[in-house]
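The structure file my_file_22.cif is reproduced below (mmCIF, C-alpha atoms).
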data_entry
loop_
_atom_site.label_atom_id
_atom_site.label_comp_id
_atom_site.auth_asym_id
_atom_site.auth_seq_id
_atom_site.Cartn_x
_atom_site.Cartn_y
_atom_site.Cartn_z
CA MET A 1 0.73 -23.10 -5.83
CA ALA A 2 -2.25 -20.97 -6.85
CA ARG A 3 -5.69 -22.37 -6.10
CA VAL A 4 -7.18 -23.85 -9.27
CA VAL A 5 -10.78 -23.04 -10.12
CA VAL A 6 -12.07 -24.12 -13.53
CA LEU A 7 -15.76 -23.81 -14.23
CA PHE A 8 -16.41 -24.70 -17.84
CA PHE A 9 -14.87 -26.67 -20.67
CA PHE A 10 -16.12 -25.98 -24.18
CA PRO A 11 -15.01 -27.34 -27.56
CA LEU A 12 -15.29 -23.91 -29.18
CA LEU A 13 -12.01 -22.65 -30.59
CA ALA A 14 -11.80 -18.91 -29.93
CA CYS A 15 -10.27 -17.38 -33.03
CA SER A 16 -10.95 -14.37 -35.17
CA GLU A 17 -12.76 -16.51 -37.76
CA THR A 18 -15.11 -18.17 -35.26
CA ALA A 19 -18.85 -17.89 -35.99
CA TYR A 20 -20.11 -17.15 -32.50
CA PRO A 21 -23.59 -18.27 -31.47
CA PRO A 22 -26.26 -15.65 -30.74
CA ASP A 23 -25.68 -13.78 -27.51
CA GLU A 24 -28.24 -15.06 -24.98
CA SER A 25 -27.95 -11.79 -23.08
CA ALA A 26 -29.21 -9.68 -26.00
CA SER A 27 -32.71 -9.78 -24.57
CA CYS A 28 -31.42 -8.10 -21.38
CA ALA A 29 -30.82 -4.90 -23.33
CA ALA A 30 -34.55 -4.38 -23.84
CA CYS A 31 -34.94 -3.42 -20.17
CA HIS A 32 -31.30 -2.63 -19.32
CA PRO A 33 -29.94 -0.73 -22.35
CA ARG A 34 -27.55 1.46 -20.35
CA GLN A 35 -26.04 -1.48 -18.50
CA GLN A 36 -25.70 -3.45 -21.74
CA ALA A 37 -24.07 -0.51 -23.54
CA GLY A 38 -21.62 -0.02 -20.67
CA PHE A 39 -20.69 -3.69 -20.57
CA GLU A 40 -20.07 -3.77 -24.30
CA ARG A 41 -17.29 -1.21 -23.77
CA SER A 42 -15.49 -3.59 -21.40
CA ARG A 43 -12.85 -6.13 -22.37
CA MET A 44 -14.91 -8.87 -20.75
CA ALA A 45 -17.49 -8.52 -23.53
CA VAL A 46 -14.84 -9.51 -26.12
CA ALA A 47 -12.57 -11.60 -23.88
CA ALA A 48 -12.25 -14.44 -26.42
CA ARG A 49 -11.40 -12.37 -29.48
CA THR A 50 -8.91 -9.70 -28.42
CA GLU A 51 -5.54 -9.95 -30.15
CA THR A 52 -3.82 -10.05 -26.76
CA PHE A 53 -5.77 -13.12 -25.66
CA LEU A 54 -5.51 -14.89 -29.01
CA ASP A 55 -1.74 -14.36 -29.14
CA GLU A 56 -1.17 -15.78 -25.66
CA TRP A 57 -3.69 -18.59 -26.17
CA ARG A 58 -2.00 -19.75 -29.37
CA ARG A 59 1.44 -19.61 -27.76
CA LYS A 60 0.16 -22.08 -25.15
CA GLY A 61 -1.24 -24.48 -27.71
CA GLU A 62 -4.87 -23.29 -27.65
CA PRO A 63 -5.88 -25.00 -24.37
CA LYS A 64 -9.64 -25.40 -24.07
CA ALA A 65 -9.50 -24.68 -20.33
CA CYS A 66 -8.86 -20.98 -21.08
CA LEU A 67 -12.26 -20.71 -22.73
CA GLY A 68 -13.97 -21.56 -19.46
CA CYS A 69 -13.43 -17.93 -18.44
CA HIS A 70 -12.89 -16.16 -21.75
CA SER A 71 -15.90 -17.74 -23.49
CA PRO A 72 -18.02 -19.67 -20.95
CA SER A 73 -21.07 -19.85 -23.22
CA GLY A 74 -19.30 -20.09 -26.55
CA SER A 75 -19.67 -16.38 -27.31
CA GLU A 76 -16.94 -13.89 -28.21
CA GLY A 77 -16.63 -13.05 -24.53
CA VAL A 78 -18.55 -13.02 -21.28
CA ILE A 79 -22.33 -12.55 -21.40
CA CYS A 80 -24.87 -11.65 -18.72
CA THR A 81 -25.83 -15.18 -17.73
CA ASP A 82 -22.19 -16.22 -17.33
CA CYS A 83 -22.04 -14.13 -14.16
CA HIS A 84 -25.69 -13.83 -13.14
CA GLY A 85 -26.67 -17.43 -13.83
CA ALA A 86 -29.36 -18.90 -16.07
CA ASN A 87 -32.14 -19.33 -13.52
CA GLY A 88 -34.26 -16.56 -14.94
CA HIS A 89 -35.20 -13.03 -13.97
CA PRO A 90 -34.92 -11.49 -11.42
CA TYR A 91 -31.29 -12.44 -11.00
CA PRO A 92 -29.85 -12.20 -7.47
CA ALA A 93 -27.19 -9.62 -6.68
CA LEU A 94 -23.68 -10.94 -7.13
CA GLN A 95 -21.41 -11.30 -4.13
CA VAL A 96 -18.13 -9.47 -4.66
CA PRO A 97 -15.32 -10.49 -4.65
CA GLU A 98 -16.52 -14.11 -4.62
CA ALA A 99 -18.17 -13.80 -8.04
CA CYS A 100 -14.98 -12.35 -9.51
CA ALA A 101 -12.87 -15.17 -8.08
CA ARG A 102 -14.45 -17.74 -10.35
CA CYS A 103 -12.22 -16.50 -13.16
CA HIS A 104 -9.73 -14.16 -11.54
CA ASP A 105 -8.38 -16.95 -9.36
CA ALA A 106 -8.37 -19.45 -12.21
CA PRO A 107 -5.09 -21.08 -13.34
CA GLY A 108 -2.51 -18.39 -14.04
CA GLU A 109 -4.45 -15.79 -12.06
CA ILE A 110 -3.87 -14.67 -8.46
CA THR A 111 -5.74 -11.39 -8.63
CA LEU A 112 -8.20 -12.15 -5.85
CA GLN A 113 -5.61 -13.86 -3.67
CA GLY A 114 -3.49 -10.74 -3.83
CA PHE A 115 -6.49 -8.53 -3.06
CA LEU A 116 -7.52 -10.38 0.11
CA ASP A 117 -4.26 -9.43 1.83
CA SER A 118 -4.09 -5.87 0.50
CA PRO A 119 -4.51 -2.45 2.12
CA ALA A 120 -7.57 -1.97 -0.11
CA ALA A 121 -9.31 -4.99 1.39
CA ARG A 122 -8.47 -3.84 4.92
CA ARG A 123 -10.06 -0.47 4.09
CA GLY A 124 -13.27 -2.25 3.17
CA GLU A 125 -12.94 -1.74 -0.57
CA ASP A 126 -13.67 -4.39 -3.17
CA CYS A 127 -13.11 -5.00 -6.89
CA LEU A 128 -15.85 -2.57 -7.93
CA THR A 129 -14.26 0.35 -6.07
CA CYS A 130 -11.74 0.75 -8.89
CA HIS A 131 -13.15 -1.30 -11.75
CA LEU A 132 -16.79 -0.19 -11.81
CA GLN A 133 -17.16 3.52 -11.29
CA GLY A 134 -20.54 5.13 -11.73
CA SER A 135 -24.04 4.80 -10.33
CA GLY A 136 -27.31 3.12 -11.16
CA ASN A 137 -25.96 -0.42 -11.55
CA SER A 138 -23.36 0.63 -14.09
CA HIS A 139 -21.75 -2.27 -15.98
CA ASP A 140 -18.96 -0.22 -17.57
CA PHE A 141 -16.14 -2.33 -16.16
CA ARG A 142 -12.78 -0.61 -16.52
CA GLY A 143 -9.30 -2.07 -16.53
CA PRO A 144 -5.75 -1.29 -17.59
CA THR A 145 -6.66 -1.26 -21.28
CA ARG A 146 -8.88 1.78 -20.69
CA PRO A 147 -6.91 4.97 -21.49
CA GLY A 148 -5.80 6.73 -18.31
CA PHE A 149 -6.71 3.87 -15.98
CA LEU A 150 -3.08 3.21 -15.04
CA GLN A 151 -2.14 6.85 -14.62
CA GLY A 152 -0.39 7.39 -11.29
CA ILE A 153 -0.69 3.72 -10.32
CA ALA A 154 3.03 3.27 -9.51
CA THR A 155 5.90 5.22 -7.98
CA LEU A 156 9.68 4.89 -8.04
CA ARG A 157 12.04 6.17 -5.34
CA MET A 158 15.83 5.94 -5.29
CA ALA A 159 18.52 6.27 -2.65
CA PHE A 160 22.26 5.52 -2.67
CA ARG A 161 24.51 3.51 -0.38
CA HIS A 162 28.24 2.90 -0.36
CA ASP A 163 29.83 -0.20 1.16
CA ALA A 164 33.04 -2.19 0.80
CA GLU A 165 31.91 -3.63 -2.54
CA GLY A 166 31.15 -0.20 -4.01
CA GLY A 167 28.13 2.00 -4.60
CA VAL A 168 24.57 0.67 -4.69
CA ALA A 169 21.34 2.28 -5.87
CA LEU A 170 18.34 1.29 -3.76
CA LEU A 171 15.30 1.43 -6.01
CA GLN A 172 11.85 1.13 -4.41
CA ILE A 173 8.79 0.22 -6.47
CA ARG A 174 5.36 0.78 -4.97
CA HIS A 175 1.87 0.83 -6.44
CA ARG A 176 -1.65 1.58 -5.28
CA ALA A 177 -3.50 -1.25 -7.05
CA GLY A 178 -5.72 -3.32 -4.79
CA HIS A 179 -3.97 -6.51 -5.88
CA ALA A 180 -0.60 -7.63 -7.17
CA LEU A 181 0.72 -5.81 -10.24
CA PRO A 182 0.28 -6.78 -12.98
CA GLY A 183 -3.16 -8.28 -12.59
CA GLY A 184 -4.40 -10.67 -15.23
CA THR A 185 -2.96 -13.85 -16.64
CA THR A 186 0.53 -15.20 -17.23
CA GLY A 187 1.17 -13.14 -20.35
CA ARG A 188 1.01 -9.75 -18.67
CA ALA A 189 4.11 -8.27 -17.11
CA VAL A 190 5.59 -5.13 -15.62
CA TRP A 191 9.14 -4.48 -16.77
CA LEU A 192 11.66 -2.33 -14.94
CA LEU A 193 14.37 -0.89 -17.21
CA VAL A 194 17.47 0.59 -15.60
CA GLU A 195 20.25 2.41 -17.44
CA GLN A 196 23.49 3.94 -16.18
CA ARG A 197 25.33 6.51 -18.30
CA ASP A 198 28.44 8.60 -17.82
CA ALA A 199 28.64 12.40 -17.90
CA GLN A 200 28.83 12.26 -21.72
CA GLU A 201 25.66 10.10 -21.88
CA ARG A 202 27.58 6.98 -22.94
CA MET A 203 25.90 3.74 -21.89
CA LEU A 204 27.69 2.00 -19.00
CA ASP A 205 25.14 -0.57 -17.86
CA SER A 206 21.64 -1.68 -18.80
CA ARG A 207 19.42 -4.05 -16.80
CA ARG A 208 15.92 -5.48 -17.18
CA TYR A 209 13.68 -6.92 -14.48
CA ARG A 210 10.41 -8.68 -15.26
CA PHE A 211 7.56 -8.84 -12.74
CA GLY A 212 4.72 -11.23 -13.48
CA TRP A 213 4.50 -14.96 -14.07
CA LEU A 214 7.78 -16.72 -14.88
CA HIS A 215 8.13 -20.10 -16.55
CA SER A 216 10.92 -22.64 -16.68
CA ALA A 217 11.01 -26.18 -18.03
CA SER A 218 12.09 -27.58 -14.65
CA ALA A 219 9.92 -25.60 -12.21
CA GLY A 220 6.93 -24.73 -14.40
CA TRP A 221 5.04 -21.53 -13.63
CA ARG A 222 5.76 -19.34 -10.64
CA GLN A 223 4.57 -15.85 -9.91
CA ASN A 224 6.91 -12.92 -9.40
CA THR A 225 4.45 -10.05 -9.25
CA LEU A 226 4.69 -6.77 -7.33
CA PRO A 227 2.66 -7.21 -4.12
CA PRO A 228 0.18 -4.54 -3.02
CA GLY A 229 1.11 -2.25 -0.17
CA THR A 230 4.60 -3.42 0.74
CA GLY A 231 6.27 -2.76 -2.60
CA ARG A 232 9.66 -4.09 -3.67
CA VAL A 233 13.21 -2.79 -3.20
CA LEU A 234 16.00 -3.70 -5.62
CA GLU A 235 19.71 -3.20 -5.04
CA ILE A 236 21.47 -2.18 -8.25
CA PRO A 237 25.28 -2.02 -8.29
CA LEU A 238 26.54 1.35 -9.44
CA HIS A 239 29.11 1.67 -12.17
CA GLU A 240 32.03 3.72 -10.86
CA ALA A 241 31.87 6.13 -13.80
CA ALA A 242 28.09 6.57 -13.74
CA GLY A 243 26.90 10.14 -13.97
CA VAL A 244 23.18 9.45 -14.15
CA ILE A 245 20.90 6.47 -13.54
CA ARG A 246 17.47 6.22 -15.15
CA ALA A 247 14.63 3.84 -14.32
CA LYS A 248 11.41 3.23 -16.22
CA LEU A 249 8.46 0.98 -15.30
CA VAL A 250 6.46 -0.39 -18.24
CA TYR A 251 3.15 -2.30 -18.18
CA ARG A 252 2.92 -4.90 -20.96
CA PHE A 253 -0.18 -6.79 -22.14
CA ARG A 254 1.36 -9.09 -24.74
CA ALA A 255 3.13 -12.29 -23.80
CA GLY A 256 6.78 -12.63 -24.78
CA GLU A 257 9.97 -10.68 -24.37
CA LEU A 258 10.28 -6.94 -24.08
CA ASP A 259 11.68 -6.67 -27.60
CA GLU A 260 8.41 -7.98 -29.07
CA VAL A 261 5.99 -5.29 -30.19
CA ASP A 262 3.14 -4.45 -27.83
CA PRO A 263 1.21 -1.46 -29.21
CA ASP A 264 -0.83 -1.18 -26.01
CA GLN A 265 2.04 -1.03 -23.53
CA VAL A 266 1.95 1.80 -20.99
CA VAL A 267 4.87 3.60 -19.33
CA LEU A 268 3.78 3.80 -15.69
CA VAL A 269 6.53 6.01 -14.29
CA GLU A 270 10.07 7.22 -15.05
CA LEU A 271 12.84 8.42 -12.75
CA ALA A 272 16.28 9.93 -13.35
CA ARG A 273 18.87 10.72 -10.67
CA PHE A 274 22.42 12.05 -10.79
CA VAL A 275 24.78 9.55 -9.19
CA PRO A 276 26.82 11.01 -6.33
CA THR A 277 30.57 10.55 -6.44
CA ARG A 278 32.30 8.18 -4.02
CA ALA A 279 33.33 11.12 -1.83
CA GLU A 280 29.75 12.42 -1.77
CA ARG A 281 28.37 8.98 -0.91
CA GLU A 282 30.86 8.56 1.96
CA ARG A 283 29.97 11.85 3.66
#

Here is a file; write its structure as structure tokens.
Amino acid sequence: MARVVVLFFFPLLACSETAYPPDESASCAACHPRQQAGFERSRMAVAARTETFLDEWRRKGEPKACLGCHSPSGSEGVICTDCHGANGHPYPALQVPEACARCHDAPGEITLQGFLDSPAARRGEDCLTCHLQGSGNSHDFRGPTRPGFLQGIATLRMAFRHDAEGGVALLQIRHRAGHALPGGTTGRAVWLLVEQRDAQERMLDSRRYRFGWLHSASAGWRQNTLPPGTGRVLEIPLHEAAGVIRAKLVYRFRAGELDEVDPDQVVLVELARFVPTRAERER
């Protein structure tokens, strides 16, 4: 069970019609305009009013606990004092990744837990290595919603095996994120789509695999993410008439099934291989 850390509970209902209170961090911009401008480009600055958050939040019945991270001070997102504290200037430097854990190990999040046992952590990297590029105390936090951020993040490799039960495609998924993929809350997911077609391109078999948080009425929530470093190998039975097998890995931000529209989804990687015949596999 994931460690539960909840910091704040506020009665504010985060919705698109909400009249947010004045941003207490606005005064920071007078001396730190570049940092403020960079932070305003991040999703954290609008964490309580993005359509992705609102959709997932409403699906769950609008729990107030979610606002403890998405709107700690009742604003439309995170503000300076939510991370740096309200004890006045000068604010102490934040300890990373501990400061990030306050929200990114909250219920439905295992981002930090996955990072602590990752190759990135063993190399001495931290959250800012990937998510805060730049110099001079940049606050332009970047994540998967930033165009190009996910480019090259994942790889697919395929091999074939033949045994008494028939042919099998061994599909390996690996990624270079410093934590489990996908990061983020229960709504995000990475979908693997696998199709097998014959020599005339007629569909023979189609499979879907979802990696992320899974929910059932009996067991509740459990995580089924792609771990960092080690990757995951799937065994996919081959149709005897298959001429080609195609695999596609898709990153999804919206909660719900794959058939639901997600305009922000990103295709991470695609792979197509010709399927060897039985005689070729047995050589």

Surrounding residues of region 252-255 of chain A excluding itself and chain neighbours under 5 positions, 12 Å, all atoms listed in the file, as an MDAnalysis selection string: chainID A and resid 50:60 143:145 150 181:192 210:215 260:268

Go ahead and write the residues just picked, C-alpha atoms, as a CSV table (one decimal), in the frame of the given file.
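result-v8.csv, freshly written:
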chain,number,residue,atom,x,y,z
A,50,THR,CA,-8.9,-9.7,-28.4
A,51,GLU,CA,-5.5,-10.0,-30.2
A,52,THR,CA,-3.8,-10.0,-26.8
A,53,PHE,CA,-5.8,-13.1,-25.7
A,54,LEU,CA,-5.5,-14.9,-29.0
A,55,ASP,CA,-1.7,-14.4,-29.1
A,56,GLU,CA,-1.2,-15.8,-25.7
A,57,TRP,CA,-3.7,-18.6,-26.2
A,58,ARG,CA,-2.0,-19.8,-29.4
A,59,ARG,CA,1.4,-19.6,-27.8
A,60,LYS,CA,0.2,-22.1,-25.2
A,143,GLY,CA,-9.3,-2.1,-16.5
A,144,PRO,CA,-5.8,-1.3,-17.6
A,145,THR,CA,-6.7,-1.3,-21.3
A,150,LEU,CA,-3.1,3.2,-15.0
A,181,LEU,CA,0.7,-5.8,-10.2
A,182,PRO,CA,0.3,-6.8,-13.0
A,183,GLY,CA,-3.2,-8.3,-12.6
A,184,GLY,CA,-4.4,-10.7,-15.2
A,185,THR,CA,-3.0,-13.8,-16.6
A,186,THR,CA,0.5,-15.2,-17.2
A,187,GLY,CA,1.2,-13.1,-20.4
A,188,ARG,CA,1.0,-9.8,-18.7
A,189,ALA,CA,4.1,-8.3,-17.1
A,190,VAL,CA,5.6,-5.1,-15.6
A,191,TRP,CA,9.1,-4.5,-16.8
A,192,LEU,CA,11.7,-2.3,-14.9
A,210,ARG,CA,10.4,-8.7,-15.3
A,211,PHE,CA,7.6,-8.8,-12.7
A,212,GLY,CA,4.7,-11.2,-13.5
A,213,TRP,CA,4.5,-15.0,-14.1
A,214,LEU,CA,7.8,-16.7,-14.9
A,215,HIS,CA,8.1,-20.1,-16.6
A,260,GLU,CA,8.4,-8.0,-29.1
A,261,VAL,CA,6.0,-5.3,-30.2
A,262,ASP,CA,3.1,-4.4,-27.8
A,263,PRO,CA,1.2,-1.5,-29.2
A,264,ASP,CA,-0.8,-1.2,-26.0
A,265,GLN,CA,2.0,-1.0,-23.5
A,266,VAL,CA,2.0,1.8,-21.0
A,267,VAL,CA,4.9,3.6,-19.3
A,268,LEU,CA,3.8,3.8,-15.7

Cut-off 12 Å around (-5.0, -10.4, -8.6) with all atoms listed in the file: residues as an NGL selection string: :A and (2 or 97 or 100-101 or 103-118 or 126-127 or 177-186 or 188 or 212-213 or 223 or 225-228)

Residues matched by the PyMOL selection byres ((chain A and resi 38-41) around 7), written as a PyMOL selection string: chain A and resi 34-37+42-43+45+138-141

Selection near Leu204 (chain A), 10 Å with all atoms listed in the file, sequence-local residues under 3 positions removed, as a PyMOL selection string: chain A and resi 195-198+201+238-245

Interatomic distance, CA of Leu234 (chain A) to CA of Met158 (chain A) (Å, one decimal): 9.6 Å

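Using all atoms listed in the file, the shortest contact distance between Glu235 (chain A) and any of A:Met44, A:Ala169, A:Leu132, A:Ala65 is found at A:Ala169.
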
Nearest to Gly68 (chain A) by atom-to-atom distance, counting only C-alpha atoms, from A:Lys248, A:Arg123, A:His84, A:Arg102: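 Comparing A:Lys248, A:Arg123, A:His84, A:Arg102 against Gly68 (chain A), the winner is A:Arg102.
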
Two-atom distance - CA of Leu156 (chain A), CA of Gly124 (chain A) (Å):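 Interatomic distance, CA of Leu156 (chain A) to CA of Gly124 (chain A): 26.5 Å.
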
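Between CA of Gln95 (chain A) and CA of Lys64 (chain A) the interatomic distance comes to 27.1 Å.
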